[in-house]
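Colleague: Have a look at the structure that comes next, please.
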Amino acid sequence: MGFDRDEFVSECLSTVRAGDHLGEAAGQLLDRAISDPNSIEAEIGDRTIVPSMIAWHRSDELTILHMVWPPGVELFAHDHNMWAAVGVYGGREDNQFYDLRPDGRIEPSTGKTLSRGDTTNLGIDVVHSVSNPTREWSGAIHVYGGDYFAVPRMMWRGDTLDPAPLDSALIGQAIEQAAASARTLSERNPEV
Ligand SMILES: [Fe+2]
């Protein structure tokens with residue numbers, strides 16, 4: 001059976017309302033969906049040359065986002081303050097994880113590349129930056145254990161990696177700039 005967006009949302013909601021190990025359980029649902037990326041593309045359609053962040057669901061208990069990011073995008077480090085499960089059905093999302101120091105700054109630690117068909121679970125205290133270093137637009141489903149847009153969050157950017165309140169407009173700008181560059185590159189080199 002193919003991927004059904006509404007069914008996926010309702011399964012995630014039921015799982016979260018059922019109780020324990022919410023992130024792990026949602027991750028398993030995402031694993032199942034992402035294991036068949038063709039069926040997700042059949043339901044959602046092709047990734048376009050326009051970035052998007054569409055909320056399939058938003059509530060206090062759960063946010064489910066459909067993300068389409070341009071080639072070359074680099075999003076600075078941020079936290080979520082809630083568990084998350086990320087699944088990539090096209091392109092790539094490269095994660096750089098960070099350790100939080102006592103002074104509030106961060107230090108790079110491990111990394112994880114997610115390509116087509118890969119998922120990962122992120123703990124509540126994860127700090128990461130994400131990039132798409134490929135020439136292909138990435139497509140992903142992100143599931144968060146809370147209201148992604150309402151919970152106070154932090155970001156780290158610049159040489160010092162000092163913390164600051166998250167400015168979602170800056171993230172939007174980074175995505176739009178990368179999208180514009182990708183479109184220009186594609187116009188100049190249509191075969192790329
Ligand atoms: Fe994130």
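Ligands are numbered from 1 in the order shown, chains are lettered A, B, ... in the order of the structure tokens, and residues start at 1 in each chain.
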With DSSP run on the backbone, what are the helix (DSSP H, G or I) residues within region 24-158 of chain A? I'd like them as an mmCIF file with N, CA and C atoms, in the first residue's frame.
Modeller:
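Result file follows (selection_26.cif):
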```cif
data_model
loop_
_atom_site.group_PDB
_atom_site.id
_atom_site.type_symbol
_atom_site.label_atom_id
_atom_site.label_comp_id
_atom_site.auth_asym_id
_atom_site.auth_seq_id
_atom_site.Cartn_x
_atom_site.Cartn_y
_atom_site.Cartn_z
ATOM 1 N N GLU A 24 10.614 7.572 19.686
ATOM 2 C CA GLU A 24 10.995 6.297 19.081
ATOM 3 C C GLU A 24 9.841 5.720 18.255
ATOM 4 N N ALA A 25 8.642 5.800 18.804
ATOM 5 C CA ALA A 25 7.477 5.257 18.101
ATOM 6 C C ALA A 25 7.191 6.044 16.821
ATOM 7 N N ALA A 26 7.293 7.369 16.914
ATOM 8 C CA ALA A 26 7.075 8.185 15.716
ATOM 9 C C ALA A 26 8.169 7.899 14.695
ATOM 10 N N GLY A 27 9.394 7.671 15.192
ATOM 11 C CA GLY A 27 10.499 7.342 14.296
ATOM 12 C C GLY A 27 10.250 6.052 13.546
ATOM 13 N N GLN A 28 9.632 5.087 14.219
ATOM 14 C CA GLN A 28 9.325 3.812 13.546
ATOM 15 C C GLN A 28 8.288 4.014 12.443
ATOM 16 N N LEU A 29 7.303 4.866 12.721
ATOM 17 C CA LEU A 29 6.313 5.171 11.675
ATOM 18 C C LEU A 29 6.992 5.835 10.477
ATOM 19 N N LEU A 30 7.916 6.751 10.801
ATOM 20 C CA LEU A 30 8.620 7.461 9.736
ATOM 21 C C LEU A 30 9.521 6.495 8.962
ATOM 22 N N ASP A 31 10.179 5.592 9.691
ATOM 23 C CA ASP A 31 11.010 4.564 9.044
ATOM 24 C C ASP A 31 10.213 3.811 7.989
ATOM 25 N N ARG A 32 9.024 3.407 8.381
ATOM 26 C CA ARG A 32 8.182 2.613 7.477
ATOM 27 C C ARG A 32 7.820 3.430 6.234
ATOM 28 N N ALA A 33 7.456 4.700 6.462
ATOM 29 C CA ALA A 33 7.059 5.548 5.329
ATOM 30 C C ALA A 33 8.237 5.835 4.410
ATOM 31 N N ILE A 34 9.388 6.180 5.012
ATOM 32 C CA ILE A 34 10.551 6.596 4.218
ATOM 33 C C ILE A 34 11.185 5.424 3.482
ATOM 34 N N PRO A 37 10.392 5.575 -0.634
ATOM 35 C CA PRO A 37 10.350 6.984 -1.059
ATOM 36 C C PRO A 37 9.541 7.210 -2.329
ATOM 37 N N ASN A 38 9.513 6.199 -3.207
ATOM 38 C CA ASN A 38 8.731 6.361 -4.446
ATOM 39 C C ASN A 38 7.272 6.623 -4.135
ATOM 40 N N SER A 39 6.770 5.934 -3.116
ATOM 41 C CA SER A 39 5.363 6.088 -2.795
ATOM 42 C C SER A 39 5.070 7.450 -2.165
ATOM 43 N N ILE A 40 6.060 8.010 -1.463
ATOM 44 C CA ILE A 40 5.886 9.378 -0.932
ATOM 45 C C ILE A 40 5.845 10.373 -2.088
ATOM 46 N N GLU A 41 6.767 10.193 -3.045
ATOM 47 C CA GLU A 41 6.773 11.105 -4.200
ATOM 48 C C GLU A 41 5.487 10.981 -4.995
ATOM 49 N N ALA A 42 4.949 9.775 -5.063
ATOM 50 C CA ALA A 42 3.691 9.587 -5.799
ATOM 51 C C ALA A 42 2.557 10.351 -5.125
ATOM 52 N N GLU A 43 2.597 10.424 -3.800
ATOM 53 C CA GLU A 43 1.538 11.124 -3.053
ATOM 54 C C GLU A 43 1.751 12.641 -3.075
ATOM 55 N N ILE A 44 3.019 13.064 -2.911
ATOM 56 C CA ILE A 44 3.293 14.491 -2.728
ATOM 57 C C ILE A 44 3.579 15.199 -4.044
#
```
Colleague: Kindly compile the residues surrounding ligand 1 within 7 Å, counting only C-alpha atoms and all ligand atoms, and format them as an NGL selection string.
Modeller: :A and (78-80 or 128-129)
Colleague: Pick the closest to Arg5 (chain A) from A:Ile175, A:Leu22, A:Ile141, A:Ala180: which is it, counting only C-alpha atoms?
Modeller: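 The shortest atom-to-atom distance to Arg5 (chain A) comes from A:Ile141.
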Colleague: Which residues, written as JSON, numbers by chain, have at least one atom at most 6 Å from region 146-151 of chain A, with only C-alpha atoms counted and residues fewer than 3 positions away on the same chain left out?
Modeller: {"A": [59, 60, 61, 62, 63]}
Colleague: At a cut-off of 12 Å, using only C-alpha atoms, what residues contact Leu100 (chain A)? Leave out same-chain residues fewer than 3 positions from it and give the result as a list in words.
Modeller: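 Final neighbour list, sorted by chain and number: Ala77, His78, Asp79, Phe97, Asp103, Gly104, Arg105, Ile106, Glu107, Pro108, Ser109, Asp125, Val126, Val127, His128, Met154, Met155, Trp156, Leu161, Asp162 and Pro163 of chain A.
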Colleague: Export N, CA and C atoms of the chosen residues as a tab-separated table (two decimals), in the first residue's frame?
Modeller:
```tsv
chain	number	residue	atom	x	y	z
A	77	ALA	N	23.36	26.41	13.34
A	77	ALA	CA	23.01	25.51	14.45
A	77	ALA	C	21.81	26.03	15.23
A	78	HIS	N	20.99	25.08	15.67
A	78	HIS	CA	19.78	25.43	16.44
A	78	HIS	C	19.37	24.23	17.30
A	79	ASP	N	18.56	24.50	18.29
A	79	ASP	CA	17.98	23.40	19.07
A	79	ASP	C	16.50	23.29	18.71
A	97	PHE	N	26.23	17.65	14.48
A	97	PHE	CA	25.75	17.77	15.86
A	97	PHE	C	26.78	18.51	16.70
A	103	ASP	N	29.31	27.37	29.18
A	103	ASP	CA	29.17	28.81	28.94
A	103	ASP	C	28.13	29.13	27.87
A	104	GLY	N	27.44	28.11	27.39
A	104	GLY	CA	26.36	28.35	26.42
A	104	GLY	C	26.80	28.25	24.98
A	105	ARG	N	28.14	28.24	24.75
A	105	ARG	CA	28.62	28.05	23.38
A	105	ARG	C	28.56	26.57	23.02
A	106	ILE	N	28.80	26.28	21.76
A	106	ILE	CA	28.72	24.89	21.32
A	106	ILE	C	30.01	24.46	20.64
A	107	GLU	N	30.23	23.15	20.62
A	107	GLU	CA	31.40	22.58	19.95
A	107	GLU	C	30.94	21.47	19.03
A	108	PRO	N	31.45	21.42	17.80
A	108	PRO	CA	31.06	20.34	16.89
A	108	PRO	C	31.39	18.98	17.48
A	109	SER	N	30.52	18.02	17.32
A	109	SER	CA	30.80	16.66	17.78
A	109	SER	C	30.69	15.71	16.58
A	125	ASP	N	17.45	17.23	23.60
A	125	ASP	CA	18.50	18.24	23.84
A	125	ASP	C	19.47	18.37	22.67
A	126	VAL	N	19.10	17.85	21.52
A	126	VAL	CA	20.01	17.90	20.36
A	126	VAL	C	20.19	19.34	19.86
A	127	VAL	N	21.45	19.68	19.55
A	127	VAL	CA	21.76	20.91	18.81
A	127	VAL	C	22.42	20.48	17.51
A	128	HIS	N	21.88	20.95	16.39
A	128	HIS	CA	22.48	20.56	15.12
A	128	HIS	C	22.37	21.68	14.09
A	154	MET	N	16.79	28.24	20.57
A	154	MET	CA	18.03	29.02	20.45
A	154	MET	C	18.73	28.69	19.13
A	155	MET	N	19.59	29.63	18.72
A	155	MET	CA	20.43	29.37	17.55
A	155	MET	C	21.86	29.80	17.87
A	156	TRP	N	22.81	29.27	17.13
A	156	TRP	CA	24.23	29.60	17.28
A	156	TRP	C	24.77	29.88	15.89
A	161	LEU	N	30.06	31.18	17.83
A	161	LEU	CA	29.01	30.23	18.17
A	161	LEU	C	28.38	30.56	19.52
A	162	ASP	N	28.19	31.88	19.75
A	162	ASP	CA	27.46	32.30	20.95
A	162	ASP	C	25.97	32.05	20.74
A	163	PRO	N	25.25	31.76	21.83
A	163	PRO	CA	23.82	31.50	21.69
A	163	PRO	C	23.01	32.78	21.53
```
Colleague: For the contact check between region 5-78 of chain A and region 130-136 of chain A, emit one row per residue of region 5-78 of chain A within 12 Å, containing the shortest atom pair and the distance in Å rounded to one decimal, counting only C-alpha atoms, chain then rising number order, as a Markdown table.
Modeller:
```
| residue | atom | partner | partner_atom | distance |
| --- | --- | --- | --- | --- |
| A:Asp46 | CA | A:Glu136 | CA | 12.0 |
| A:Arg47 | CA | A:Glu136 | CA | 9.5 |
| A:Thr48 | CA | A:Glu136 | CA | 10.2 |
| A:Ile49 | CA | A:Glu136 | CA | 9.8 |
| A:Val68 | CA | A:Glu136 | CA | 10.5 |
| A:Trp69 | CA | A:Asn132 | CA | 7.5 |
| A:Pro70 | CA | A:Glu136 | CA | 7.1 |
| A:Pro71 | CA | A:Arg135 | CA | 4.9 |
| A:Gly72 | CA | A:Pro133 | CA | 4.9 |
| A:Val73 | CA | A:Ser131 | CA | 5.4 |
| A:Glu74 | CA | A:Ser131 | CA | 4.3 |
| A:Leu75 | CA | A:Val130 | CA | 5.3 |
| A:Phe76 | CA | A:Val130 | CA | 7.0 |
| A:Ala77 | CA | A:Val130 | CA | 7.4 |
| A:His78 | CA | A:Val130 | CA | 9.2 |
```
